[in-house]
Each structure stands twice: as C-alpha cells, then as structure tokens.
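To keep things clear, I will list the structure first and then write my remarks on it.
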Amino acid sequence: MNTLNLTDDELQDAAQAARVASVQCESDADKQSSPKIKGLFENSARRFLELAQKFERARRAPPR
C-alpha cells in the first residue's frame, strides 16, 4: 500500500473535514426515528472522529 505524504496544512484540512463530517452525522442521527438507521449514523460519526484524530496525530508526529 502506498503511503500518503501530506503537508501539515493538508493534514489539518483533512482533520477539519473529518470533524465536520462527524458533526453532520451526529446531527443526522438525532433526526432519525429508526434505531437501526440512527446507529448507522452514530457509527459513521465515531469513525469520522477517529479519522480526524489520526490526521491530528500524524500532524504532530516527528518526520521520518
């Protein structure tokens, strides 16, 4: 698998986009009446948040 070489600015943008997607999924989950669909949105929100955290950790990691 190829690795991505992203700049700090690109990592910051990716983290911010993932956080926005997480918030949107949380908002969409709140609007759902079906527990199954609500769970899908909540799971997506959690995964986007985890992705944002990965980008943020990569941004703080020392260069290799």
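Residues in the structure tokens are numbered from 1 in each chain, the chains being A, B, ... in the order shown, and ligands are numbered from 1 in the order shown.
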Next on the checklist: Show me, as a list in words, the residues that have an atom within 6 Å of range 46-62 of chain A when counting only C-alpha atoms, minus same-chain residues fewer than 4 positions from it.
Outcome noted: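 In the requested form, the answer reads Asp8, Leu11, Ala15, Ala18, Arg19 and Ser22 of chain A.
Separating CA of Asp13 in chain A from CA of Gly39 in chain A is a distance of 27.0 Å.
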Checklist entry - Any idea what's packed within 12 Å of Leu40 in chain A, counting only C-alpha atoms, ignoring anything in its chain fewer than 3 positions away? Could you give it as a ChimeraX atom specification? => result /A:25-26,28-30,32,34-37,43-47
Next on the checklist: Quick check for you: according to DSSP on this backbone, which residues of chain A are classed as helix (DSSP H, G or I)? Reply as number ranges by chain.
Outcome noted: A: 8-30, 35-60
Those same residues, written as a PDB file, in the first residue's frame with C-alpha atoms?
ATOM      1  CA  ASP A   8       0.846  19.885   7.787  1.00  0.00           C
ATOM      2  CA  ASP A   9      -1.724  22.123   6.107  1.00  0.00           C
ATOM      3  CA  GLU A  10      -3.214  19.187   4.204  1.00  0.00           C
ATOM      4  CA  LEU A  11      -3.379  17.107   7.389  1.00  0.00           C
ATOM      5  CA  GLN A  12      -5.076  19.982   9.193  1.00  0.00           C
ATOM      6  CA  ASP A  13      -7.609  20.373   6.359  1.00  0.00           C
ATOM      7  CA  ALA A  14      -8.312  16.629   6.342  1.00  0.00           C
ATOM      8  CA  ALA A  15      -8.784  16.576  10.123  1.00  0.00           C
ATOM      9  CA  GLN A  16     -11.130  19.542   9.967  1.00  0.00           C
ATOM     10  CA  ALA A  17     -13.160  17.961   7.147  1.00  0.00           C
ATOM     11  CA  ALA A  18     -13.463  14.706   9.097  1.00  0.00           C
ATOM     12  CA  ARG A  19     -14.624  16.607  12.193  1.00  0.00           C
ATOM     13  CA  VAL A  20     -17.254  18.462  10.137  1.00  0.00           C
ATOM     14  CA  ALA A  21     -18.462  15.141   8.707  1.00  0.00           C
ATOM     15  CA  SER A  22     -18.635  13.703  12.234  1.00  0.00           C
ATOM     16  CA  VAL A  23     -20.756  16.593  13.485  1.00  0.00           C
ATOM     17  CA  GLN A  24     -23.044  16.290  10.450  1.00  0.00           C
ATOM     18  CA  CYS A  25     -23.518  12.553  11.069  1.00  0.00           C
ATOM     19  CA  GLU A  26     -24.331  13.223  14.727  1.00  0.00           C
ATOM     20  CA  SER A  27     -26.891  15.805  13.648  1.00  0.00           C
ATOM     21  CA  ASP A  28     -28.394  13.395  11.128  1.00  0.00           C
ATOM     22  CA  ALA A  29     -28.512  10.636  13.763  1.00  0.00           C
ATOM     23  CA  ASP A  30     -30.539  12.880  16.057  1.00  0.00           C
ATOM     24  CA  PRO A  35     -32.759   2.859  15.994  1.00  0.00           C
ATOM     25  CA  LYS A  36     -31.004   0.901  13.235  1.00  0.00           C
ATOM     26  CA  ILE A  37     -30.542   3.936  10.980  1.00  0.00           C
ATOM     27  CA  LYS A  38     -29.634   6.109  13.967  1.00  0.00           C
ATOM     28  CA  GLY A  39     -26.948   3.572  14.893  1.00  0.00           C
ATOM     29  CA  LEU A  40     -25.514   3.706  11.382  1.00  0.00           C
ATOM     30  CA  PHE A  41     -25.169   7.484  11.575  1.00  0.00           C
ATOM     31  CA  GLU A  42     -23.671   7.305  15.074  1.00  0.00           C
ATOM     32  CA  ASN A  43     -21.155   4.715  13.906  1.00  0.00           C
ATOM     33  CA  SER A  44     -20.186   6.923  10.975  1.00  0.00           C
ATOM     34  CA  ALA A  45     -19.794   9.898  13.302  1.00  0.00           C
ATOM     35  CA  ARG A  46     -17.481   7.878  15.549  1.00  0.00           C
ATOM     36  CA  ARG A  47     -15.401   6.697  12.591  1.00  0.00           C
ATOM     37  CA  PHE A  48     -15.047  10.232  11.204  1.00  0.00           C
ATOM     38  CA  LEU A  49     -13.938  11.429  14.637  1.00  0.00           C
ATOM     39  CA  GLU A  50     -11.350   8.643  14.845  1.00  0.00           C
ATOM     40  CA  LEU A  51     -10.107   9.583  11.372  1.00  0.00           C
ATOM     41  CA  ALA A  52      -9.767  13.224  12.408  1.00  0.00           C
ATOM     42  CA  GLN A  53      -7.757  12.158  15.435  1.00  0.00           C
ATOM     43  CA  LYS A  54      -5.444  10.074  13.226  1.00  0.00           C
ATOM     44  CA  PHE A  55      -4.809  13.064  10.976  1.00  0.00           C
ATOM     45  CA  GLU A  56      -4.100  15.222  14.031  1.00  0.00           C
ATOM     46  CA  ARG A  57      -1.661  12.649  15.449  1.00  0.00           C
ATOM     47  CA  ALA A  58       0.104  12.404  12.088  1.00  0.00           C
ATOM     48  CA  ARG A  59       0.424  16.162  12.037  1.00  0.00           C
ATOM     49  CA  ARG A  60       2.167  16.170  15.417  1.00  0.00           C
TER      50      ARG A  60
END
